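The file query.txt contains compact mmCIF, C-alpha atoms and all ligand atoms:
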# COMPACT_ATOMS: atom_id res chain seq x y z
CA MET A 1 65.99 92.24 102.10
CA SER A 2 63.01 94.03 103.59
CA GLU A 3 60.40 95.49 101.29
CA LYS A 4 61.34 99.09 101.97
CA ILE A 5 64.82 98.65 100.54
CA LYS A 6 64.87 99.19 96.82
CA LEU A 7 68.22 99.52 95.14
CA PRO A 8 68.27 100.98 91.63
CA ASP A 9 69.24 98.72 88.72
CA GLY A 10 72.92 97.87 88.55
CA PHE A 11 73.56 98.15 92.30
CA ARG A 12 75.22 95.22 94.02
CA SER A 13 74.20 94.71 97.62
CA TRP A 14 75.86 93.47 100.78
CA GLU A 15 73.81 92.66 103.85
CA ALA A 16 75.04 92.21 107.41
CA ASP A 17 74.03 92.17 111.04
CA VAL A 18 75.74 95.10 112.72
CA LYS A 19 76.11 96.56 116.17
CA ILE A 20 75.77 100.31 116.59
CA GLY A 21 76.93 101.11 120.10
CA LYS A 22 74.99 98.52 122.04
CA LYS A 23 72.10 98.31 119.59
CA GLU A 24 71.76 95.41 117.18
CA ASP A 25 70.76 96.41 113.67
CA LYS A 26 70.87 95.31 110.06
CA VAL A 27 72.60 97.08 107.20
CA THR A 28 72.26 96.83 103.45
CA ILE A 29 75.08 98.49 101.57
CA GLY A 30 74.46 99.12 97.89
CA HIS A 31 77.24 99.93 95.42
CA TRP A 32 77.00 100.78 91.72
CA ALA A 33 80.25 99.49 90.21
CA GLU A 34 79.54 100.75 86.70
CA GLY A 35 79.30 104.35 87.89
CA CYS A 36 82.13 104.13 90.42
CA LYS A 37 85.21 106.12 89.39
CA GLY A 38 87.49 104.64 92.04
CA CYS A 39 88.22 108.00 93.65
CA ALA A 40 88.58 106.28 97.06
CA ILE A 41 86.77 109.04 98.98
CA CYS A 42 84.49 106.40 100.56
CA VAL A 43 87.57 104.45 101.69
CA ASP A 44 88.97 107.66 103.19
CA VAL A 45 85.85 108.87 105.03
CA CYS A 46 84.67 105.51 106.42
CA PRO A 47 85.64 105.29 110.10
CA LYS A 48 85.32 101.47 110.08
CA LYS A 49 87.31 100.43 106.99
CA VAL A 50 84.27 98.89 105.34
CA TRP A 51 85.41 99.77 101.82
CA LYS A 52 88.38 98.41 99.91
CA LEU A 53 90.02 99.79 96.76
CA ILE A 54 90.75 97.24 94.04
CA GLU A 55 92.19 97.37 90.54
CA ALA A 56 89.67 97.13 87.76
CA LYS A 57 89.35 97.74 84.07
CA ASN A 58 87.27 100.86 83.58
CA LYS A 59 87.40 104.09 81.64
CA TRP A 60 88.31 106.13 84.75
CA ASN A 61 91.54 105.55 86.63
CA GLY A 62 91.67 101.77 86.63
CA GLN A 63 90.31 101.24 90.11
CA LEU A 64 87.04 100.85 91.95
CA VAL A 65 85.86 99.91 95.41
CA ILE A 66 84.10 96.91 96.89
CA VAL A 67 82.61 96.29 100.31
CA ASP A 68 85.16 94.40 102.36
CA LYS A 69 83.78 94.40 105.92
CA PRO A 70 80.03 95.04 105.84
CA ASP A 71 79.57 93.85 109.43
CA ALA A 72 81.81 96.67 110.71
CA CYS A 73 79.43 99.35 109.36
CA ILE A 74 77.92 101.77 111.88
CA LYS A 75 75.57 103.39 109.35
CA CYS A 76 77.11 106.82 109.83
CA MET A 77 76.25 107.63 106.16
CA LEU A 78 79.55 109.44 105.59
CA CYS A 79 80.38 107.33 102.52
CA GLU A 80 76.96 107.81 100.95
CA ILE A 81 77.02 111.58 101.54
CA HIS A 82 80.57 112.11 100.25
CA CYS A 83 80.62 109.81 97.22
CA PRO A 84 80.59 112.41 94.42
CA ASP A 85 79.09 109.90 92.01
CA PHE A 86 75.74 108.59 93.34
CA CYS A 87 77.23 105.10 93.74
CA ILE A 88 76.53 104.28 97.38
CA LYS A 89 73.30 103.58 99.23
CA ILE A 90 73.14 102.67 102.90
CA PHE A 91 69.92 101.20 104.26
CA MET B 1 68.29 105.77 105.36
CA ALA B 2 69.61 106.02 101.83
CA PHE B 3 68.53 109.09 99.88
CA ASP B 4 66.67 108.70 96.59
CA TYR B 5 68.83 110.92 94.37
CA GLU B 6 67.48 109.18 91.27
CA LYS B 7 64.17 110.97 91.81
CA TYR B 8 65.85 114.31 90.99
CA LEU B 9 68.37 113.24 88.34
CA ARG B 10 68.45 112.81 84.59
CA MET B 11 69.80 109.31 84.97
CA ASP B 12 70.63 108.99 81.26
CA LYS B 13 73.32 111.65 81.88
CA ILE B 14 74.88 109.84 84.89
CA PRO B 15 77.81 109.11 85.47
CA HIS B 16 78.48 112.85 85.20
CA LEU B 17 81.53 114.21 83.39
CA TRP B 18 83.37 115.49 86.49
CA CYS B 19 86.76 113.94 87.27
CA PRO B 20 86.89 111.03 89.72
CA GLY B 21 86.60 112.55 93.22
CA CYS B 22 85.68 116.09 92.09
CA GLY B 23 83.89 117.92 94.91
CA ILE B 24 81.15 119.37 92.72
CA GLY B 25 79.22 116.07 92.94
CA VAL B 26 79.23 116.30 96.74
CA VAL B 27 77.75 119.82 96.57
CA LEU B 28 75.11 118.75 94.04
CA LYS B 29 74.04 115.93 96.35
CA ALA B 30 73.83 118.23 99.37
CA MET B 31 71.68 120.59 97.30
CA LEU B 32 69.28 117.80 96.27
CA ARG B 33 68.82 116.72 99.89
CA ALA B 34 68.17 120.34 100.88
CA MET B 35 65.57 120.55 98.12
CA GLU B 36 63.80 117.50 99.51
CA ASN B 37 63.98 118.97 103.05
CA VAL B 38 62.05 122.07 101.97
CA ASN B 39 59.62 120.06 99.81
CA TRP B 40 60.14 122.03 96.64
CA GLU B 41 58.26 120.68 93.66
CA ARG B 42 60.46 120.00 90.67
CA ASN B 43 58.08 121.89 88.41
CA ASP B 44 58.25 125.01 90.60
CA THR B 45 62.03 125.08 90.69
CA ALA B 46 64.58 126.29 88.17
CA PHE B 47 68.33 125.72 88.21
CA VAL B 48 70.46 128.19 86.31
CA SER B 49 74.20 128.34 85.65
CA GLY B 50 76.90 130.05 83.62
CA ILE B 51 79.94 128.26 82.20
CA GLY B 52 82.53 126.08 83.92
CA CYS B 53 82.78 122.61 85.42
CA THR B 54 80.47 123.72 88.25
CA SER B 55 78.03 125.18 85.77
CA ARG B 56 77.42 121.73 84.31
CA ALA B 57 75.46 120.83 87.47
CA PRO B 58 71.96 121.89 86.33
CA GLY B 59 72.28 119.60 83.29
CA TYR B 60 72.02 116.60 85.60
CA ILE B 61 68.95 117.78 87.51
CA ASP B 62 65.54 116.72 86.24
CA CYS B 63 63.88 120.11 86.82
CA ASN B 64 63.62 123.31 84.82
CA THR B 65 67.22 124.05 83.95
CA LEU B 66 69.08 126.73 82.03
CA HIS B 67 72.77 126.68 81.07
CA THR B 68 73.68 130.23 80.05
CA THR B 69 76.81 132.26 79.27
CA HIS B 70 79.91 132.66 81.43
CA GLY B 71 79.21 134.67 84.59
CA ARG B 72 75.63 135.48 83.59
CA GLY B 73 73.66 132.75 85.37
CA LEU B 74 72.47 135.34 87.89
CA THR B 75 71.16 137.70 85.23
CA PHE B 76 69.10 135.01 83.48
CA ALA B 77 67.84 133.80 86.87
CA THR B 78 66.85 137.37 87.80
CA GLY B 79 64.81 137.54 84.59
CA ILE B 80 63.01 134.30 85.39
CA LYS B 81 62.31 135.42 88.96
CA MET B 82 60.92 138.77 87.78
CA ALA B 83 58.58 137.04 85.32
CA GLN B 84 57.55 134.30 87.77
CA PRO B 85 58.17 135.46 91.35
CA ASP B 86 56.46 132.40 92.82
CA LYS B 87 59.11 130.03 91.45
CA ASN B 88 62.20 128.84 93.32
CA LEU B 89 65.48 129.91 91.72
CA VAL B 90 68.87 128.32 92.34
CA ILE B 91 72.07 129.37 90.61
CA PHE B 92 75.24 127.26 90.40
CA SER B 93 78.49 129.10 89.87
CA GLY B 94 82.23 128.46 90.06
CA ASP B 95 84.56 130.93 91.80
CA GLY B 96 85.62 132.25 88.38
CA ASP B 97 82.09 132.39 87.04
CA ALA B 98 80.72 134.17 90.15
CA THR B 99 83.56 136.49 91.14
CA ALA B 100 85.70 137.11 88.03
CA ILE B 101 83.66 137.55 84.84
CA GLY B 102 80.38 137.55 86.82
CA GLY B 103 81.63 139.62 89.77
CA ASN B 104 79.54 142.62 88.89
CA HIS B 105 76.34 140.58 88.56
CA PHE B 106 77.20 138.92 91.85
CA ILE B 107 77.41 142.10 93.93
CA HIS B 108 74.32 143.58 92.34
CA ALA B 109 72.22 140.46 92.91
CA CYS B 110 73.30 140.72 96.56
CA ARG B 111 72.41 144.42 96.63
CA ARG B 112 68.89 143.80 95.28
CA ASN B 113 68.37 141.01 97.78
CA ILE B 114 66.19 139.21 95.26
CA ASP B 115 64.75 135.95 96.59
CA MET B 116 67.12 133.42 94.99
CA THR B 117 69.92 131.14 96.19
CA LEU B 118 73.42 131.21 94.73
CA ILE B 119 75.69 128.24 95.35
CA VAL B 120 79.33 129.07 94.63
CA VAL B 121 81.60 126.05 94.33
CA ASN B 122 84.96 127.57 95.20
CA ASN B 123 87.80 125.34 94.01
CA ASN B 124 90.34 128.20 93.84
CA ILE B 125 90.86 127.83 90.08
CA TYR B 126 89.34 127.87 86.58
CA GLY B 127 88.85 124.11 86.32
CA MET B 128 87.25 123.76 82.93
CA THR B 129 89.65 125.84 80.87
CA GLY B 130 92.96 124.45 82.08
CA GLY B 131 93.72 125.80 85.53
CA GLN B 132 94.09 129.58 85.17
CA HIS B 133 94.18 131.42 88.50
CA SER B 134 90.90 132.82 89.78
CA PRO B 135 90.02 135.61 92.24
CA THR B 136 90.20 133.01 95.03
CA THR B 137 93.54 131.37 94.22
CA PRO B 138 95.57 131.83 97.43
CA ILE B 139 98.77 133.91 97.36
CA GLY B 140 101.82 131.80 96.56
CA PHE B 141 99.89 128.99 94.86
CA LYS B 142 100.44 127.93 91.30
CA ALA B 143 98.08 128.05 88.36
CA SER B 144 98.74 127.82 84.63
CA THR B 145 98.77 131.65 84.58
CA THR B 146 100.82 132.02 87.80
CA ILE B 147 103.54 129.45 87.25
CA TYR B 148 105.89 131.09 89.75
CA GLY B 149 103.19 131.53 92.38
CA ASN B 150 100.19 133.85 92.57
CA VAL B 151 100.67 137.39 93.89
CA ASP B 152 97.04 138.58 93.74
CA PRO B 153 95.19 138.73 97.07
CA SER B 154 91.93 136.73 97.14
CA PHE B 155 88.34 137.74 97.44
CA ASP B 156 86.53 136.48 100.51
CA ILE B 157 83.29 135.50 98.80
CA CYS B 158 81.23 135.48 102.00
CA LEU B 159 82.42 138.88 103.22
CA LEU B 160 81.85 140.29 99.74
CA ALA B 161 78.29 138.93 99.67
CA ARG B 162 77.62 140.23 103.14
CA ALA B 163 78.91 143.71 102.42
CA ALA B 164 76.94 143.85 99.17
CA GLY B 165 73.63 143.07 100.91
CA ALA B 166 72.88 139.33 100.71
CA THR B 167 70.68 138.30 103.64
CA TYR B 168 71.88 134.74 104.20
CA VAL B 169 75.58 133.97 103.75
CA ALA B 170 77.37 130.78 104.79
CA ARG B 171 80.47 128.76 103.97
CA SER B 172 81.28 125.11 104.42
CA THR B 173 83.41 122.55 102.60
CA VAL B 174 83.03 119.33 100.62
CA ASN B 175 84.34 117.46 103.66
CA LYS B 176 81.10 118.34 105.48
CA GLY B 177 78.25 117.21 103.27
CA ARG B 178 75.66 117.44 106.04
CA THR B 179 76.60 121.01 106.99
CA LEU B 180 76.45 122.04 103.34
CA GLU B 181 72.97 120.53 103.13
CA GLN B 182 71.87 122.45 106.23
CA TYR B 183 73.26 125.79 104.98
CA ILE B 184 71.77 125.34 101.52
CA GLN B 185 68.41 124.55 103.13
CA ARG B 186 68.59 127.75 105.20
CA GLY B 187 69.46 129.61 102.02
CA PHE B 188 66.34 128.19 100.37
CA GLU B 189 64.23 129.20 103.36
CA ASN B 190 65.54 132.78 103.46
CA LYS B 191 63.23 135.13 101.60
CA GLY B 192 65.95 137.17 100.00
CA PHE B 193 69.30 136.62 98.30
CA SER B 194 71.31 133.77 99.79
CA VAL B 195 74.92 132.87 99.05
CA ILE B 196 76.36 129.51 100.07
CA GLU B 197 80.06 129.06 99.37
CA ALA B 198 81.12 125.42 99.14
CA VAL B 199 84.91 125.13 99.30
CA SER B 200 85.76 122.28 96.95
CA ASN B 201 88.63 120.28 95.50
CA CYS B 202 89.85 120.53 91.93
CA HIS B 203 92.78 118.14 92.25
CA THR B 204 93.01 117.88 88.46
CA GLN B 205 93.79 121.52 87.75
CA PHE B 206 94.63 123.15 91.08
CA GLY B 207 95.91 120.15 93.02
CA ARG B 208 98.20 118.86 90.31
CA LYS B 209 100.08 122.15 90.17
CA ASN B 210 100.36 122.36 93.95
CA ASN B 211 101.52 118.89 95.02
CA MET B 212 98.12 117.39 95.79
CA SER B 213 97.01 115.75 92.58
CA ASP B 214 94.57 113.24 94.06
CA PRO B 215 91.17 113.97 95.61
CA ILE B 216 92.12 112.70 99.06
CA SER B 217 95.11 115.03 99.52
CA SER B 218 93.20 117.97 98.04
CA ARG B 219 90.31 117.36 100.44
CA LYS B 220 92.79 117.06 103.30
CA TRP B 221 94.36 120.40 102.35
CA ILE B 222 90.92 121.98 102.71
CA GLU B 223 90.20 120.16 105.97
CA ASP B 224 93.52 121.22 107.54
CA ARG B 225 92.81 124.90 106.87
CA GLU B 226 89.22 124.95 108.13
CA ILE B 227 88.55 127.22 111.10
CA PRO B 228 85.04 127.73 112.50
CA LEU B 229 83.87 131.34 112.49
CA ALA B 230 83.46 131.46 116.29
CA LYS B 231 87.11 130.49 116.77
CA ALA B 232 88.35 132.78 114.00
CA ARG B 233 86.83 135.80 115.77
CA ASP B 234 89.49 135.54 118.50
CA MET B 235 92.41 134.88 116.16
CA LYS B 236 95.02 137.27 114.82
CA ALA B 237 94.85 138.24 111.14
CA GLU B 238 98.25 136.72 110.37
CA ASP B 239 97.13 133.34 111.71
CA LEU B 240 94.09 133.41 109.44
CA LYS B 241 96.10 133.82 106.24
CA ASN B 242 94.85 131.40 103.55
CA MET B 243 92.52 129.73 106.06
CA VAL B 244 88.98 128.58 105.29
CA ILE B 245 86.67 130.23 107.81
CA THR B 246 83.45 128.25 107.95
CA GLY B 247 80.03 128.98 109.39
CA GLU B 248 77.07 131.26 108.88
CA PHE B 249 78.27 134.79 108.20
CA ILE B 250 74.92 136.35 108.20
CA THR B 251 71.37 135.41 108.90
CA GLU B 252 68.58 137.89 108.38
CA LYS B 253 67.60 137.64 112.03
CA SER B 254 70.97 138.13 113.66
CA ASP B 255 73.38 140.82 112.48
CA LEU B 256 71.21 142.40 109.83
CA GLU B 257 68.27 143.37 111.96
CA ARG B 258 70.51 144.78 114.63
CA TRP B 259 72.70 147.19 112.85
CA GLU B 260 73.20 146.55 109.18
CA ASN B 261 69.66 147.22 108.15
CA TYR B 262 70.01 150.95 107.75
CA ASN B 263 70.07 151.01 103.98
CA ARG B 264 68.04 147.93 103.22
CA ALA B 265 64.83 147.87 101.27
CA GLU B 266 61.79 146.97 103.30
CA LYS B 267 60.51 144.44 100.81
CA GLU B 268 61.90 141.59 98.81
CA TYR B 269 62.81 142.79 95.31
CA THR B 270 60.07 141.16 93.21
CA GLU B 271 57.46 142.29 95.73
CA ALA B 272 58.68 145.87 95.64
CA TYR B 273 58.66 145.74 91.86
CA SER B 274 55.11 144.40 91.60
CA ASP B 275 53.99 147.21 93.94
CA ILE B 276 55.37 149.72 91.46
CA ILE B 277 53.54 148.00 88.60
CA LYS B 278 50.25 148.11 90.52
CA LYS B 279 50.77 151.77 91.37
CA VAL B 280 51.48 152.78 87.77
CA LYS B 281 48.52 150.76 86.45
CA LYS B 282 46.14 152.60 88.79
CA LYS B 283 47.11 156.00 87.41
C1 LIG C 301 82.84 135.17 77.78
C2 LIG C 301 83.66 133.98 78.08
N1 LIG C 301 84.94 134.14 78.49
C3 LIG C 301 85.71 133.09 78.79
C4 LIG C 301 85.22 131.82 78.67
C5 LIG C 301 86.09 130.63 78.99
N2 LIG C 301 85.78 130.00 80.25
C6 LIG C 301 84.95 128.95 80.34
S1 LIG C 301 84.78 128.36 81.89
C7 LIG C 301 85.87 129.52 82.49
C8 LIG C 301 86.24 129.58 83.94
C9 LIG C 301 85.69 128.50 84.79
O1 LIG C 301 86.11 128.65 86.11
P1 LIG C 301 85.10 128.59 87.32
O2 LIG C 301 83.96 129.49 87.10
O3 LIG C 301 85.88 128.78 88.57
O4 LIG C 301 84.49 127.11 87.25
P2 LIG C 301 85.12 125.67 87.45
O5 LIG C 301 85.39 125.16 86.07
O6 LIG C 301 86.36 125.79 88.28
O7 LIG C 301 84.03 124.93 88.13
C10 LIG C 301 86.34 130.35 81.47
C11 LIG C 301 87.31 131.44 81.67
C12 LIG C 301 83.87 131.66 78.23
N3 LIG C 301 83.31 130.45 78.12
N4 LIG C 301 83.15 132.75 77.94
S1 LIG C 302 77.90 104.14 106.62
FE1 LIG C 302 79.75 104.82 107.73
S2 LIG C 302 80.56 102.95 108.63
FE2 LIG C 302 79.11 102.29 107.07
S3 LIG C 302 80.34 101.99 105.24
FE3 LIG C 302 79.60 104.09 105.15
S4 LIG C 302 81.18 105.34 106.08
FE4 LIG C 302 81.59 103.21 106.66
S1 LIG C 303 83.34 107.54 96.64
FE1 LIG C 303 81.91 106.70 95.11
S2 LIG C 303 82.93 106.94 93.13
FE2 LIG C 303 84.49 107.20 94.73
S3 LIG C 303 85.35 105.16 94.98
FE3 LIG C 303 83.72 105.33 96.50
S4 LIG C 303 81.90 104.50 95.48
FE4 LIG C 303 83.43 104.89 93.89
S1 LIG C 304 88.75 119.88 86.23
FE1 LIG C 304 88.57 120.22 88.45
S2 LIG C 304 86.55 121.20 88.75
FE2 LIG C 304 86.58 120.28 86.68
S3 LIG C 304 85.68 118.24 86.95
FE3 LIG C 304 87.91 118.00 87.13
S4 LIG C 304 88.33 118.17 89.33
FE4 LIG C 304 86.27 118.97 88.99

Reformat the file's structure so that it appears as structure tokens.
Amino acid sequence: MSEKIKLPDGFRSWEADVKIGKKEDKVTIGHWAEGCKGCAICVDVCPKKVWKLIEAKNKWNGQLVIVDKPDACIKCMLCEIHCPDFCIKIF
Amino acid sequence: MAFDYEKYLRMDKIPHLWCPGCGIGVVLKAMLRAMENVNWERNDTAFVSGIGCTSRAPGYIDCNTLHTTHGRGLTFATGIKMAQPDKNLVIFSGDGDATAIGGNHFIHACRRNIDMTLIVVNNNIYGMTGGQHSPTTPIGFKASTTIYGNVDPSFDICLLARAAGATYVARSTVNKGRTLEQYIQRGFENKGFSVIEAVSNCHTQFGRKNNMSDPISSRKWIEDREIPLAKARDMKAEDLKNMVITGEFITEKSDLERWENYNRAEKEYTEAYSDIIKKVKKK
């Protein structure tokens, strides 16, 4: 992880080499599972099916998301912008 | 690059109390990014609200915040702005808070064109109190007070704001976080009263009664009805029924200066008021 990337406490991170158009890049996807309410909006807005909904024990609706295909990410930021719960960070 | 929301939040209050997938969080985030874009200092900014799910928003922001009574966020904010005209004032309101119980305050804040920004999260329902119909519940839709379908026509919040004298008016939806951010930023930059309507999903109270009880289908319902203003201009009224017309309805520079300026004050409200004070003191 480069020095610029600082995820808050409790965030899990996934790193991958990605291709955006023809450009090679790196992505770090941060997700805060404890705050995630499993609403699945990130799954819905992601054009590359990076996110996956799984069952989980939590006080919300018994589901949360994990990163399934980090290397497919095109860093469009749609998931970060539309997560209503401050749980996603894309670097 | 990821945005540092933590900088602006009271993290001990997060996760917030809104339902999983509630659109209010998306609007709050857009607002925080807009705040960063205009470089407002947290100490120079106050967030004010009335009562409702939407009105809980200021409680999560680590700035000067005030949670007041139902529909009266604008009146408290007006008081703060009059006492400290150099501060930035932002008001969060639900469709019920802003246009039902607070409807009168809403039109008069527009009329004064006082330099503040009102963000109305329009989820077509009273979310907090159990899904009663609001002035923006579409005709035919169900609420706990319209169990056979609503018969009351809706307010168009943007047209209302425009007619009443607000000088920046725009509408977008929770499906378009970036556009919301841009409109809210322009609202902040406008020296006068700005109204940004964010069409949002309350799947818990509105959706559940209208066959879209999850956030995804409620968001889709909003997306499917969205029509950009430029396109709507050429459409027939019957085709626009219950549609969500999005875009900037008014910017000080465009329509207002041309032909709607005939009864507008020449100065922003707090400036005009301080002129009066100076004049009286001289006597
Ligand atoms: C004077 C007064 N009347 C009624 C209420 C009950 N009440 C609380 S919130 C609310 C409506 C909330 O709807 P809206 O403003 O659309 O916000 P939302 O919860 O949908 O975000 C009502 C009627 C109150 N708190 N005070
Ligand atoms: S940034 Fe875009 S592509 Fe990457 S995970 Fe988020 S929504 Fe998917
Ligand atoms: S949008 Fe946010 S809260 Fe909803 S499932 Fe995705 S990470 Fe969790
Ligand atoms: S009741 Fe509706 S408006 Fe209130 S938090 Fe739940 S989804 Fe959001």

- Can you list, as a list of chain:residue names, every protein, DNA or RNA residue that comes within 7 Å of Phe91 (chain A) when you count only C-alpha atoms, leaving out same-chain residues fewer than 3 positions away? A:Ile5, A:Val27, A:Thr28, A:Ile29, B:Met1, B:Ala2

- Counting all atoms listed in the file, which protein, DNA or RNA residues come within 6 Å of ligand LIG 303 (chain C), given as a count of residues only? 15

- Message: Show me which residues line ligand LIG 304 (chain C), defined as having an atom within 9 Å of a ligand atom where only C-alpha atoms and all ligand atoms count, and present them as a VMD selection string.
- Response: chain B and resid 17 to 25 52 to 54 94 121 123 125 to 131 200 to 207 215

Deliver the residues from the most recent selection as a file, using C-alpha atoms, as a PDB file, in the frame of the given file.
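Result went into again04.pdb, see below:
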ATOM      1  CA  LEU B  17      81.530 114.210  83.390  1.00  0.00           C
ATOM      2  CA  TRP B  18      83.370 115.490  86.490  1.00  0.00           C
ATOM      3  CA  CYS B  19      86.760 113.940  87.270  1.00  0.00           C
ATOM      4  CA  PRO B  20      86.890 111.030  89.720  1.00  0.00           C
ATOM      5  CA  GLY B  21      86.600 112.550  93.220  1.00  0.00           C
ATOM      6  CA  CYS B  22      85.680 116.090  92.090  1.00  0.00           C
ATOM      7  CA  GLY B  23      83.890 117.920  94.910  1.00  0.00           C
ATOM      8  CA  ILE B  24      81.150 119.370  92.720  1.00  0.00           C
ATOM      9  CA  GLY B  25      79.220 116.070  92.940  1.00  0.00           C
ATOM     10  CA  GLY B  52      82.530 126.080  83.920  1.00  0.00           C
ATOM     11  CA  CYS B  53      82.780 122.610  85.420  1.00  0.00           C
ATOM     12  CA  THR B  54      80.470 123.720  88.250  1.00  0.00           C
ATOM     13  CA  GLY B  94      82.230 128.460  90.060  1.00  0.00           C
ATOM     14  CA  VAL B 121      81.600 126.050  94.330  1.00  0.00           C
ATOM     15  CA  ASN B 123      87.800 125.340  94.010  1.00  0.00           C
ATOM     16  CA  ILE B 125      90.860 127.830  90.080  1.00  0.00           C
ATOM     17  CA  TYR B 126      89.340 127.870  86.580  1.00  0.00           C
ATOM     18  CA  GLY B 127      88.850 124.110  86.320  1.00  0.00           C
ATOM     19  CA  MET B 128      87.250 123.760  82.930  1.00  0.00           C
ATOM     20  CA  THR B 129      89.650 125.840  80.870  1.00  0.00           C
ATOM     21  CA  GLY B 130      92.960 124.450  82.080  1.00  0.00           C
ATOM     22  CA  GLY B 131      93.720 125.800  85.530  1.00  0.00           C
ATOM     23  CA  SER B 200      85.760 122.280  96.950  1.00  0.00           C
ATOM     24  CA  ASN B 201      88.630 120.280  95.500  1.00  0.00           C
ATOM     25  CA  CYS B 202      89.850 120.530  91.930  1.00  0.00           C
ATOM     26  CA  HIS B 203      92.780 118.140  92.250  1.00  0.00           C
ATOM     27  CA  THR B 204      93.010 117.880  88.460  1.00  0.00           C
ATOM     28  CA  GLN B 205      93.790 121.520  87.750  1.00  0.00           C
ATOM     29  CA  PHE B 206      94.630 123.150  91.080  1.00  0.00           C
ATOM     30  CA  GLY B 207      95.910 120.150  93.020  1.00  0.00           C
ATOM     31  CA  PRO B 215      91.170 113.970  95.610  1.00  0.00           C
TER      32      PRO B 215
END

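Counting only C-alpha atoms, the residue from A:Lys59, A:Lys52, A:Lys26, A:Lys6 that sits nearest to Cys73 (chain A) is A:Lys26.
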
- Message: List the spatial neighbours of Glu181 (chain B) as a PyMOL selection string - criterion: any atom at most 8 Å away, only C-alpha atoms, same-chain residues fewer than 4 positions off excluded.
- Response: chain B and resi 30-31+33-34+177+185

- Query: Which residues come within 8 Å of Ala72 (chain A), counting all atoms listed in the file, excluding same-chain residues fewer than 3 positions away, as a PyMOL selection string?
  - Reply: chain A and resi 18-19+48-50+69

For those residues, write C-alpha atoms to a file as a PDB file, in the frame of the given file.
ATOM      1  CA  VAL A  18      75.740  95.100 112.720  1.00  0.00           C
ATOM      2  CA  LYS A  19      76.110  96.560 116.170  1.00  0.00           C
ATOM      3  CA  LYS A  48      85.320 101.470 110.080  1.00  0.00           C
ATOM      4  CA  LYS A  49      87.310 100.430 106.990  1.00  0.00           C
ATOM      5  CA  VAL A  50      84.270  98.890 105.340  1.00  0.00           C
ATOM      6  CA  LYS A  69      83.780  94.400 105.920  1.00  0.00           C
TER       7      LYS A  69
END

Got a sec to check which residues lie within 6 Å of ligand LIG 302 (chain C), using all atoms listed in the file, and send them as a short mmCIF file (atom, residue, chain, number, x, y, z; two decimals) with C-alpha atoms, in the coordinates of the input?
data_model
loop_
_atom_site.label_atom_id
_atom_site.label_comp_id
_atom_site.auth_asym_id
_atom_site.auth_seq_id
_atom_site.Cartn_x
_atom_site.Cartn_y
_atom_site.Cartn_z
CA VAL A 45 85.85 108.87 105.03
CA CYS A 46 84.67 105.51 106.42
CA PRO A 47 85.64 105.29 110.10
CA LYS A 48 85.32 101.47 110.08
CA VAL A 50 84.27 98.89 105.34
CA CYS A 73 79.43 99.35 109.36
CA ILE A 74 77.92 101.77 111.88
CA LYS A 75 75.57 103.39 109.35
CA CYS A 76 77.11 106.82 109.83
CA MET A 77 76.25 107.63 106.16
CA LEU A 78 79.55 109.44 105.59
CA CYS A 79 80.38 107.33 102.52
#

- Message: If I take CA of His82 (chain A) and atom C10 of ligand LIG 301 (chain C), how far is one from the other in Å, to one decimal?
- Response: 26.8 Å

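Omitting Ala100 (chain B) and its sequence neighbours fewer than 6 positions away, and counting all atoms listed in the file, the residues within 12 Å are His70, Gly71, Arg72, Ser93, Gly94, Phe106, Ile107, Asn122, Asn124, Ile125, Tyr126, Gln132, His133, Ser134, Pro135, Thr136, Thr137, Ser154, Phe155 and Ile157 of chain B.
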
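Closest to chain A among B:Met116, B:Ala46, B:Leu240, B:Leu180 is B:Leu180, based on only C-alpha atoms.
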